[in-house]
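A.B. asks: The structure's right below; bear with me while I get my questions together.
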Amino acid sequence: MPSAIHSDIDNIPNASLHLQVTAQATAKHPNDILVILLDTDALSGLPTTLSPTTQQAIQTSANRAGFTAKLGETLPLYQAEQDGFEQVLIVGAGTLNQLTAGQAQKLAASIIKAIGERNTHAMISIEGIPDTVIEPFALALANKNYHFDLYKTKKSTAKLTQITLQTAQADELQARINLVNATHIGQNFTRHLGNQPGNVCFPEYLAEQAIALAAEFSDVLKVTVLDEDQMAALGMNSFLAVSKGSERPGRLITLEYTGKADQSKPVVLVGKGVTFDTGGISIKPAAGMEDMKFDMSGAASVLGTIRAVCVAKLPLNIVGALACAENMPSGRATRPGDVVTSMSGQTIEILNTDAEGRLVLCDALTYIERFNPEVVVDMATLTGACIVALGEVVSGLFSPDDELANELLAAGLAAHDRAWRLPLLEDYQELLDSPVADMANIGGRFAGATTAACFLWRYTKQYRWAHLDIAGTANTTGANKGSTGRPVPLLMQFLRQRAGV
Ligand code: BES
Ligand code: MN
Ligand code: ZN
């Protein structure tokens, strides 16, 4: 039987950092640090806005330390005095006015690292940064300050909680930075859920999180949780074929956000929420299986995006749907070769129980027809093949709709949470042929990310649809492994574009 729900709703950190803007460069607290971004050129002619002592300190220290202001280089100054700040950190920004969003993310990482455990508040002058880079830079500052130490007895001692961005254009920037704060709050939530282990985060836990979110924003958010009996009554046998092997029952969670009073059709976001993917009877190898706790990242990114949207009060109607199940082997688990009828009426021969994401998603994609969607975007850690193709840099984007695909690609570029389009063509559909059912749930060795998308395509004919395969981007692997909170920035940018804010 499932253990009691291990709830820590009250412990979920809202934000790792709060961003502010100001036109005034003055220290408010003795422990404030001023961060000065330096162009490589600046070292030969320092900005005259810097006090003579600061200019002197930079010159001497840069010479002695061999500081050349290359991107990400940091140097604390102990004898500078600037605008009331006794602590000054100089940071190399390369060619400041040509800084790219990717470089800005690296810059943000080196700033947060250099501040380390010393300060609670930092001020960064962003004068001279390209305008398009400001938001990704600000978001990266907040995100780099994230620590997941819920299960560490010894907590992180970093105490940075606020960063103020200083620029003469502070007034114009305020609304945009408010949106960055909202995105960060949502992304943090996604990361927290993604990082939770499978013994804590299971379908009922995600339902509990959605219910708590809806209670927090009860004026704009409505939640519905379907249990397995209700799904059975709807004919969701494909979804149930995944969850039936587990002691932990599946849940289909929907959140309806009303940001617009009129009856305008909603943008529907659908997330794969496999809280742990063992592979089922087609069991995965032991090595690396622990990373399958991240297999609910699609659902977590829907929850995080909805939280961001609520904080930002976006004027748009949005529905989030989370297909939550645990994929386990057991005496009641689905066998390879089993045939099920999905909610859509189409039949599926389940040749591999490890191709479970498409099985939970197809019924969720049919279910959400009832919301009369304007467009539907689904997010799923769907295939290892997508990681092989694209690595951890970009998400795979599939859509039969060029206009929608381009909208999402543009959003990814603007937020620097990029996607790359991969083919979705009828020619691949025959790879899913089954001798006994309407389709098989796997397509052989070739084009694995595309055949998975082709499977979903068969369930999305009633509306405009795009699919993001986030298997490579939702979490990092290796030494610093953890949830990235992607694609919350892309989705938030996409929704802002649609809301015109
Ligand atoms: N959750 C996995 C995909 C995955 C693999 C995500 C590695 C992140 C890292 C998915 O359910 C899966 O197992 N897919 C199979 C499909 C195959 C059986 C057709 C895969 O990619 O191997
Ligand atoms: Mn799987
Ligand atoms: Zn999976």
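Residue numbering restarts at 1 for every chain of the structure tokens, chains are lettered A, B, ... in their displayed order, and ligands are numbered from 1 as they appear.
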Report as a PDB file with all heavy atoms, in the first residue's frame which protein, DNA and RNA residues come within 6 Å of ligand 2, using only C-alpha atoms and all ligand atoms.

C.D. replies:
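Writing done, so here's part_15.pdb:
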```pdb
ATOM      1  N   ASP A 277       9.746   6.075 -13.645  1.00  0.00           N
ATOM      2  CA  ASP A 277       9.656   5.200 -14.815  1.00  0.00           C
ATOM      3  C   ASP A 277      10.684   4.083 -14.719  1.00  0.00           C
ATOM      4  O   ASP A 277      11.846   4.250 -15.077  1.00  0.00           O
ATOM      5  CB  ASP A 277       9.881   6.031 -16.093  1.00  0.00           C
ATOM      6  CG  ASP A 277       9.797   5.178 -17.365  1.00  0.00           C
ATOM      7  OD1 ASP A 277       9.352   4.008 -17.278  1.00  0.00           O
ATOM      8  OD2 ASP A 277      10.166   5.694 -18.442  1.00  0.00           O
ATOM      9  N   GLY A 279      10.287   1.433 -16.398  1.00  0.00           N
ATOM     10  CA  GLY A 279      10.146   0.735 -17.678  1.00  0.00           C
ATOM     11  C   GLY A 279       9.007  -0.273 -17.626  1.00  0.00           C
ATOM     12  O   GLY A 279       8.538  -0.743 -18.644  1.00  0.00           O
ATOM     13  N   ASP A 354       7.981   0.242 -21.658  1.00  0.00           N
ATOM     14  CA  ASP A 354       8.807   1.414 -21.344  1.00  0.00           C
ATOM     15  C   ASP A 354       8.464   2.616 -22.235  1.00  0.00           C
ATOM     16  O   ASP A 354       8.897   3.732 -21.970  1.00  0.00           O
ATOM     17  CB  ASP A 354      10.292   1.047 -21.491  1.00  0.00           C
ATOM     18  CG  ASP A 354      11.215   2.038 -20.810  1.00  0.00           C
ATOM     19  OD1 ASP A 354      10.699   2.883 -20.033  1.00  0.00           O
ATOM     20  OD2 ASP A 354      12.436   1.978 -21.048  1.00  0.00           O
ATOM     21  N   ALA A 355       7.685   2.382 -23.279  1.00  0.00           N
ATOM     22  CA  ALA A 355       7.204   3.520 -24.084  1.00  0.00           C
ATOM     23  C   ALA A 355       5.853   3.935 -23.505  1.00  0.00           C
ATOM     24  O   ALA A 355       4.810   3.855 -24.155  1.00  0.00           O
ATOM     25  CB  ALA A 355       7.099   3.128 -25.554  1.00  0.00           C
ATOM     26  N   GLU A 356       5.893   4.362 -22.219  1.00  0.00           N
ATOM     27  CA  GLU A 356       4.662   4.604 -21.457  1.00  0.00           C
ATOM     28  C   GLU A 356       4.195   6.048 -21.525  1.00  0.00           C
ATOM     29  O   GLU A 356       3.020   6.326 -21.304  1.00  0.00           O
ATOM     30  CB  GLU A 356       4.875   4.189 -19.991  1.00  0.00           C
ATOM     31  CG  GLU A 356       5.519   5.247 -19.080  1.00  0.00           C
ATOM     32  CD  GLU A 356       6.924   5.667 -19.482  1.00  0.00           C
ATOM     33  OE1 GLU A 356       7.593   4.909 -20.218  1.00  0.00           O
ATOM     34  OE2 GLU A 356       7.352   6.768 -19.066  1.00  0.00           O
TER      35      GLU A 356
END
```

A.B. asks: List all protein, DNA and RNA residues that have at least one atom no more than 9 Å from any atom of ligand 3, counting only C-alpha atoms and all ligand atoms, and write them as a list of chain:residue names.

C.D. replies: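 If we count only C-alpha atoms and all ligand atoms, the neighbours of ligand 3 turn out to be A:Lys272, A:Gly273, A:Val274, A:Thr275, A:Phe276, A:Asp277, A:Thr278, A:Gly279, A:Met292, A:Phe294, A:Asp295, A:Met296, A:Asn327, A:Asp354, A:Ala355, A:Glu356, A:Gly357, A:Arg358, A:Ala380, A:Thr381, A:Leu382, A:Thr383, A:Ala471.
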
A.B. asks: Restrict the selected residues to N, CA, C and O atoms and save them as an mmCIF file, in the first residue's frame.

C.D. replies:
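After the write, part29.cif holds the following:
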```cif
data_model
loop_
_atom_site.group_PDB
_atom_site.id
_atom_site.type_symbol
_atom_site.label_atom_id
_atom_site.label_comp_id
_atom_site.auth_asym_id
_atom_site.auth_seq_id
_atom_site.Cartn_x
_atom_site.Cartn_y
_atom_site.Cartn_z
ATOM 1 N N LYS A 272 3.548 15.284 -19.325
ATOM 2 C CA LYS A 272 3.775 13.901 -18.908
ATOM 3 C C LYS A 272 4.208 13.914 -17.447
ATOM 4 O O LYS A 272 5.215 14.536 -17.098
ATOM 5 N N GLY A 273 3.467 13.190 -16.625
ATOM 6 C CA GLY A 273 3.785 13.161 -15.196
ATOM 7 C C GLY A 273 4.052 11.743 -14.708
ATOM 8 O O GLY A 273 3.390 11.251 -13.796
ATOM 9 N N VAL A 274 5.023 11.064 -15.326
ATOM 10 C CA VAL A 274 5.393 9.729 -14.848
ATOM 11 C C VAL A 274 6.348 9.936 -13.668
ATOM 12 O O VAL A 274 7.498 10.346 -13.837
ATOM 13 N N THR A 275 5.825 9.716 -12.467
ATOM 14 C CA THR A 275 6.573 10.106 -11.269
ATOM 15 C C THR A 275 7.779 9.207 -11.026
ATOM 16 O O THR A 275 8.724 9.606 -10.372
ATOM 17 N N PHE A 276 7.724 7.998 -11.575
ATOM 18 C CA PHE A 276 8.932 7.172 -11.675
ATOM 19 C C PHE A 276 8.726 6.181 -12.802
ATOM 20 O O PHE A 276 7.684 5.548 -12.897
ATOM 21 N N ASP A 277 9.746 6.075 -13.645
ATOM 22 C CA ASP A 277 9.656 5.200 -14.815
ATOM 23 C C ASP A 277 10.684 4.083 -14.719
ATOM 24 O O ASP A 277 11.846 4.250 -15.077
ATOM 25 N N THR A 278 10.234 2.928 -14.199
ATOM 26 C CA THR A 278 11.142 1.765 -14.157
ATOM 27 C C THR A 278 11.234 1.099 -15.525
ATOM 28 O O THR A 278 12.109 0.270 -15.760
ATOM 29 N N GLY A 279 10.287 1.433 -16.398
ATOM 30 C CA GLY A 279 10.146 0.735 -17.678
ATOM 31 C C GLY A 279 9.007 -0.273 -17.626
ATOM 32 O O GLY A 279 8.538 -0.743 -18.644
ATOM 33 N N MET A 292 15.080 8.534 -13.498
ATOM 34 C CA MET A 292 13.686 8.445 -13.951
ATOM 35 C C MET A 292 12.703 9.066 -12.950
ATOM 36 O O MET A 292 11.504 9.095 -13.182
ATOM 37 N N PHE A 294 12.852 12.108 -12.706
ATOM 38 C CA PHE A 294 12.594 13.346 -13.459
ATOM 39 C C PHE A 294 11.538 13.164 -14.551
ATOM 40 O O PHE A 294 11.263 14.094 -15.302
ATOM 41 N N ASP A 295 10.968 11.949 -14.631
ATOM 42 C CA ASP A 295 10.075 11.655 -15.753
ATOM 43 C C ASP A 295 8.696 12.326 -15.612
ATOM 44 O O ASP A 295 7.836 12.175 -16.479
ATOM 45 N N MET A 296 8.545 13.091 -14.539
ATOM 46 C CA MET A 296 7.304 13.886 -14.358
ATOM 47 C C MET A 296 7.566 15.354 -14.658
ATOM 48 O O MET A 296 6.761 16.233 -14.313
ATOM 49 N N ASN A 327 5.210 4.078 -13.372
ATOM 50 C CA ASN A 327 5.383 2.918 -14.264
ATOM 51 C C ASN A 327 6.196 1.847 -13.553
ATOM 52 O O ASN A 327 7.419 1.975 -13.425
ATOM 53 N N ASP A 354 7.981 0.242 -21.658
ATOM 54 C CA ASP A 354 8.807 1.414 -21.344
ATOM 55 C C ASP A 354 8.464 2.616 -22.235
ATOM 56 O O ASP A 354 8.897 3.732 -21.970
ATOM 57 N N ALA A 355 7.685 2.382 -23.279
ATOM 58 C CA ALA A 355 7.204 3.520 -24.084
ATOM 59 C C ALA A 355 5.853 3.935 -23.505
ATOM 60 O O ALA A 355 4.810 3.855 -24.155
ATOM 61 N N GLU A 356 5.893 4.362 -22.219
ATOM 62 C CA GLU A 356 4.662 4.604 -21.457
ATOM 63 C C GLU A 356 4.195 6.048 -21.525
ATOM 64 O O GLU A 356 3.020 6.326 -21.304
ATOM 65 N N GLY A 357 5.126 6.966 -21.835
ATOM 66 C CA GLY A 357 4.745 8.380 -21.835
ATOM 67 C C GLY A 357 3.641 8.649 -22.837
ATOM 68 O O GLY A 357 2.638 9.303 -22.532
ATOM 69 N N ARG A 358 3.782 8.102 -24.040
ATOM 70 C CA ARG A 358 2.777 8.305 -25.097
ATOM 71 C C ARG A 358 1.450 7.673 -24.699
ATOM 72 O O ARG A 358 0.397 8.127 -25.116
ATOM 73 N N ALA A 380 6.970 16.614 -22.619
ATOM 74 C CA ALA A 380 7.212 15.271 -22.108
ATOM 75 C C ALA A 380 8.682 14.884 -22.202
ATOM 76 O O ALA A 380 9.334 15.160 -23.211
ATOM 77 N N THR A 381 9.181 14.272 -21.145
ATOM 78 C CA THR A 381 10.497 13.616 -21.206
ATOM 79 C C THR A 381 10.246 12.290 -21.918
ATOM 80 O O THR A 381 10.201 11.244 -21.302
ATOM 81 N N LEU A 382 10.074 12.386 -23.246
ATOM 82 C CA LEU A 382 9.461 11.266 -23.956
ATOM 83 C C LEU A 382 10.437 10.217 -24.466
ATOM 84 O O LEU A 382 10.159 9.032 -24.387
ATOM 85 N N THR A 383 11.580 10.660 -25.024
ATOM 86 C CA THR A 383 12.453 9.655 -25.644
ATOM 87 C C THR A 383 13.946 9.888 -25.387
ATOM 88 O O THR A 383 14.443 11.014 -25.433
ATOM 89 N N ALA A 471 13.212 15.483 -22.924
ATOM 90 C CA ALA A 471 14.010 14.450 -22.243
ATOM 91 C C ALA A 471 15.438 14.928 -21.956
ATOM 92 O O ALA A 471 16.019 14.581 -20.934
#
```

A.B. asks: Tell me, as number ranges by chain, which residues lie within 12 Å of Ala69 of chain A, counting only C-alpha atoms; anything in the same chain fewer than 5 positions away does not count.

C.D. replies: A: 36-44, 46, 58-59, 61-63, 74-75, 89-96, 107

A.B. asks: For the residues selected in the previous step, produce a file with N, CA, C and O atoms as a tab-separated table (two decimals), in the first residue's frame.

C.D. replies:
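Result written to part20.tsv:
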```
chain	number	residue	atom	x	y	z
A	36	ILE	N	30.17	45.47	-10.71
A	36	ILE	CA	30.43	46.31	-11.88
A	36	ILE	C	30.83	45.42	-13.05
A	36	ILE	O	31.81	44.66	-12.95
A	37	LEU	N	30.04	45.48	-14.11
A	37	LEU	CA	30.37	44.70	-15.30
A	37	LEU	C	31.36	45.50	-16.14
A	37	LEU	O	31.11	46.66	-16.46
A	38	LEU	N	32.46	44.89	-16.50
A	38	LEU	CA	33.48	45.61	-17.26
A	38	LEU	C	33.68	45.01	-18.64
A	38	LEU	O	33.87	43.80	-18.79
A	39	ASP	N	33.65	45.88	-19.61
A	39	ASP	CA	33.97	45.51	-20.99
A	39	ASP	C	35.50	45.34	-21.07
A	39	ASP	O	36.23	46.01	-20.33
A	40	THR	N	35.97	44.47	-21.94
A	40	THR	CA	37.43	44.30	-22.07
A	40	THR	C	38.11	45.62	-22.43
A	40	THR	O	39.24	45.87	-22.02
A	41	ASP	N	37.38	46.46	-23.19
A	41	ASP	CA	37.94	47.76	-23.57
A	41	ASP	C	38.05	48.72	-22.40
A	41	ASP	O	38.88	49.63	-22.40
A	42	ALA	N	37.14	48.54	-21.41
A	42	ALA	CA	37.03	49.53	-20.34
A	42	ALA	C	38.32	49.68	-19.54
A	42	ALA	O	38.60	50.75	-19.01
A	43	LEU	N	39.10	48.61	-19.48
A	43	LEU	CA	40.30	48.66	-18.63
A	43	LEU	C	41.28	49.74	-19.08
A	43	LEU	O	42.02	50.29	-18.26
A	44	SER	N	41.25	50.06	-20.36
A	44	SER	CA	42.14	51.14	-20.82
A	44	SER	C	41.55	52.52	-20.55
A	44	SER	O	42.28	53.50	-20.45
A	46	LEU	N	38.55	53.64	-17.97
A	46	LEU	CA	37.44	53.29	-17.08
A	46	LEU	C	36.33	54.35	-17.13
A	46	LEU	O	36.61	55.54	-17.33
A	58	ILE	N	40.55	49.47	-9.28
A	58	ILE	CA	40.39	48.56	-10.42
A	58	ILE	C	41.72	48.43	-11.17
A	58	ILE	O	42.18	47.33	-11.46
A	59	GLN	N	42.32	49.59	-11.43
A	59	GLN	CA	43.57	49.59	-12.18
A	59	GLN	C	44.65	48.75	-11.49
A	59	GLN	O	45.25	47.86	-12.08
A	61	SER	N	44.36	46.53	-8.94
A	61	SER	CA	44.01	45.12	-8.73
A	61	SER	C	44.03	44.35	-10.04
A	61	SER	O	44.50	43.20	-10.08
A	62	ALA	N	43.51	44.97	-11.11
A	62	ALA	CA	43.48	44.29	-12.40
A	62	ALA	C	44.90	43.96	-12.85
A	62	ALA	O	45.18	42.85	-13.30
A	63	ASN	N	45.79	44.94	-12.69
A	63	ASN	CA	47.19	44.71	-13.05
A	63	ASN	C	47.81	43.58	-12.25
A	63	ASN	O	48.40	42.65	-12.80
A	74	THR	N	36.04	37.15	-12.45
A	74	THR	CA	35.57	37.97	-11.32
A	74	THR	C	36.74	38.35	-10.41
A	74	THR	O	37.71	37.60	-10.29
A	75	LEU	N	36.64	39.51	-9.81
A	75	LEU	CA	37.68	39.97	-8.88
A	75	LEU	C	37.05	40.87	-7.81
A	75	LEU	O	36.48	41.91	-8.13
A	89	LEU	N	32.57	44.19	-6.51
A	89	LEU	CA	33.02	43.02	-7.28
A	89	LEU	C	33.07	43.43	-8.74
A	89	LEU	O	32.07	43.91	-9.28
A	90	ILE	N	34.25	43.30	-9.36
A	90	ILE	CA	34.28	43.58	-10.79
A	90	ILE	C	34.18	42.25	-11.55
A	90	ILE	O	34.72	41.23	-11.14
A	91	VAL	N	33.43	42.31	-12.63
A	91	VAL	CA	33.16	41.09	-13.40
A	91	VAL	C	33.42	41.38	-14.87
A	91	VAL	O	32.93	42.37	-15.41
A	92	GLY	N	34.19	40.53	-15.49
A	92	GLY	CA	34.46	40.66	-16.92
A	92	GLY	C	33.23	40.30	-17.73
A	92	GLY	O	32.59	39.28	-17.47
A	93	ALA	N	32.89	41.15	-18.69
A	93	ALA	CA	31.71	40.89	-19.52
A	93	ALA	C	32.08	40.76	-20.99
A	93	ALA	O	31.21	40.82	-21.86
A	94	GLY	N	33.36	40.59	-21.28
A	94	GLY	CA	33.75	40.49	-22.69
A	94	GLY	C	33.41	41.79	-23.41
A	94	GLY	O	33.70	42.87	-22.93
A	95	THR	N	32.74	41.65	-24.56
A	95	THR	CA	32.29	42.84	-25.27
A	95	THR	C	30.85	43.10	-24.85
A	95	THR	O	29.91	42.49	-25.36
A	96	LEU	N	30.70	44.02	-23.89
A	96	LEU	CA	29.42	44.21	-23.19
A	96	LEU	C	28.25	44.48	-24.14
A	96	LEU	O	27.19	43.88	-24.01
A	107	LEU	N	27.64	34.67	-17.46
A	107	LEU	CA	28.00	35.81	-16.63
A	107	LEU	C	27.25	35.75	-15.30
A	107	LEU	O	27.84	35.93	-14.22
```

A.B. asks: As number ranges by chain, please: the residues near segment 432-435 of chain A (cut-off 12 Å, only C-alpha atoms, same-chain neighbours under 6 positions excluded).

C.D. replies: A: 337-339, 347-351, 426, 441-448, 450-458

A.B. asks: Excluding same-chain residues fewer than 2 positions from His184 of chain A, what lies within 10 Å of it counting only C-alpha atoms, as a count of residues only?

C.D. replies: 29

A.B. asks: Where does DSSP see strand (DSSP E) in segment 70-165 of chain A, if you list the residues as a list of chain:residue names?

C.D. replies: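 So the strand (DSSP E) residues in segment 70-165 of chain A would be A:Thr74, A:Leu75, A:Pro76, A:Leu77, A:Gln87, A:Val88, A:Leu89, A:Ile90, A:Val91, A:Gly92, A:His121, A:Ala122, A:Met123, A:Ile124, A:Ser125, A:Gln162, A:Ile163, A:Thr164, A:Leu165.
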
A.B. asks: Using only N, CA, C and O atoms, please write the residues we just selected to a file, as a PDB file, in the first residue's frame.

C.D. replies:
```pdb
ATOM      1  N   THR A  74      36.043  37.151 -12.447  1.00  0.00           N
ATOM      2  CA  THR A  74      35.574  37.975 -11.318  1.00  0.00           C
ATOM      3  C   THR A  74      36.739  38.351 -10.413  1.00  0.00           C
ATOM      4  O   THR A  74      37.711  37.599 -10.289  1.00  0.00           O
ATOM      5  N   LEU A  75      36.638  39.511  -9.806  1.00  0.00           N
ATOM      6  CA  LEU A  75      37.676  39.969  -8.878  1.00  0.00           C
ATOM      7  C   LEU A  75      37.046  40.872  -7.811  1.00  0.00           C
ATOM      8  O   LEU A  75      36.479  41.914  -8.132  1.00  0.00           O
ATOM      9  N   PRO A  76      37.112  40.463  -6.543  1.00  0.00           N
ATOM     10  CA  PRO A  76      36.598  41.338  -5.484  1.00  0.00           C
ATOM     11  C   PRO A  76      37.627  42.435  -5.184  1.00  0.00           C
ATOM     12  O   PRO A  76      38.831  42.165  -5.178  1.00  0.00           O
ATOM     13  N   LEU A  77      37.145  43.649  -4.975  1.00  0.00           N
ATOM     14  CA  LEU A  77      38.035  44.768  -4.657  1.00  0.00           C
ATOM     15  C   LEU A  77      37.864  45.117  -3.185  1.00  0.00           C
ATOM     16  O   LEU A  77      36.745  45.244  -2.701  1.00  0.00           O
ATOM     17  N   GLN A  87      31.876  47.168  -0.504  1.00  0.00           N
ATOM     18  CA  GLN A  87      32.233  45.915  -1.174  1.00  0.00           C
ATOM     19  C   GLN A  87      31.922  46.059  -2.662  1.00  0.00           C
ATOM     20  O   GLN A  87      30.781  46.355  -3.023  1.00  0.00           O
ATOM     21  N   VAL A  88      32.948  45.844  -3.462  1.00  0.00           N
ATOM     22  CA  VAL A  88      32.777  45.961  -4.909  1.00  0.00           C
ATOM     23  C   VAL A  88      33.327  44.702  -5.568  1.00  0.00           C
ATOM     24  O   VAL A  88      34.381  44.193  -5.193  1.00  0.00           O
ATOM     25  N   LEU A  89      32.568  44.188  -6.514  1.00  0.00           N
ATOM     26  CA  LEU A  89      33.016  43.016  -7.283  1.00  0.00           C
ATOM     27  C   LEU A  89      33.067  43.433  -8.742  1.00  0.00           C
ATOM     28  O   LEU A  89      32.072  43.908  -9.283  1.00  0.00           O
ATOM     29  N   ILE A  90      34.248  43.305  -9.357  1.00  0.00           N
ATOM     30  CA  ILE A  90      34.279  43.578 -10.790  1.00  0.00           C
ATOM     31  C   ILE A  90      34.175  42.252 -11.547  1.00  0.00           C
ATOM     32  O   ILE A  90      34.724  41.227 -11.136  1.00  0.00           O
ATOM     33  N   VAL A  91      33.433  42.305 -12.629  1.00  0.00           N
ATOM     34  CA  VAL A  91      33.163  41.095 -13.401  1.00  0.00           C
ATOM     35  C   VAL A  91      33.424  41.376 -14.871  1.00  0.00           C
ATOM     36  O   VAL A  91      32.928  42.371 -15.412  1.00  0.00           O
ATOM     37  N   GLY A  92      34.194  40.527 -15.493  1.00  0.00           N
ATOM     38  CA  GLY A  92      34.455  40.663 -16.924  1.00  0.00           C
ATOM     39  C   GLY A  92      33.230  40.302 -17.727  1.00  0.00           C
ATOM     40  O   GLY A  92      32.590  39.281 -17.473  1.00  0.00           O
ATOM     41  N   HIS A 121      22.458  41.009  -0.267  1.00  0.00           N
ATOM     42  CA  HIS A 121      21.919  41.887  -1.301  1.00  0.00           C
ATOM     43  C   HIS A 121      23.043  42.370  -2.217  1.00  0.00           C
ATOM     44  O   HIS A 121      24.094  42.771  -1.751  1.00  0.00           O
ATOM     45  N   ALA A 122      22.796  42.299  -3.514  1.00  0.00           N
ATOM     46  CA  ALA A 122      23.772  42.810  -4.479  1.00  0.00           C
ATOM     47  C   ALA A 122      23.099  43.795  -5.411  1.00  0.00           C
ATOM     48  O   ALA A 122      21.898  43.678  -5.692  1.00  0.00           O
ATOM     49  N   MET A 123      23.875  44.789  -5.847  1.00  0.00           N
ATOM     50  CA  MET A 123      23.384  45.691  -6.884  1.00  0.00           C
ATOM     51  C   MET A 123      24.265  45.521  -8.109  1.00  0.00           C
ATOM     52  O   MET A 123      25.488  45.459  -7.998  1.00  0.00           O
ATOM     53  N   ILE A 124      23.632  45.395  -9.270  1.00  0.00           N
ATOM     54  CA  ILE A 124      24.398  45.226 -10.507  1.00  0.00           C
ATOM     55  C   ILE A 124      23.994  46.325 -11.469  1.00  0.00           C
ATOM     56  O   ILE A 124      22.811  46.488 -11.777  1.00  0.00           O
ATOM     57  N   SER A 125      24.966  47.056 -11.933  1.00  0.00           N
ATOM     58  CA  SER A 125      24.673  48.048 -12.956  1.00  0.00           C
ATOM     59  C   SER A 125      24.590  47.334 -14.301  1.00  0.00           C
ATOM     60  O   SER A 125      25.506  46.614 -14.692  1.00  0.00           O
ATOM     61  N   GLN A 162      18.351  39.040  -2.587  1.00  0.00           N
ATOM     62  CA  GLN A 162      17.868  40.136  -3.432  1.00  0.00           C
ATOM     63  C   GLN A 162      18.956  40.634  -4.360  1.00  0.00           C
ATOM     64  O   GLN A 162      20.102  40.807  -3.934  1.00  0.00           O
ATOM     65  N   ILE A 163      18.590  40.903  -5.600  1.00  0.00           N
ATOM     66  CA  ILE A 163      19.497  41.592  -6.511  1.00  0.00           C
ATOM     67  C   ILE A 163      18.759  42.784  -7.097  1.00  0.00           C
ATOM     68  O   ILE A 163      17.611  42.661  -7.538  1.00  0.00           O
ATOM     69  N   THR A 164      19.408  43.931  -7.042  1.00  0.00           N
ATOM     70  CA  THR A 164      18.821  45.128  -7.643  1.00  0.00           C
ATOM     71  C   THR A 164      19.576  45.440  -8.919  1.00  0.00           C
ATOM     72  O   THR A 164      20.808  45.514  -8.920  1.00  0.00           O
ATOM     73  N   LEU A 165      18.832  45.584  -9.996  1.00  0.00           N
ATOM     74  CA  LEU A 165      19.438  45.947 -11.275  1.00  0.00           C
ATOM     75  C   LEU A 165      19.366  47.454 -11.401  1.00  0.00           C
ATOM     76  O   LEU A 165      18.290  48.043 -11.266  1.00  0.00           O
TER      77      LEU A 165
END
```
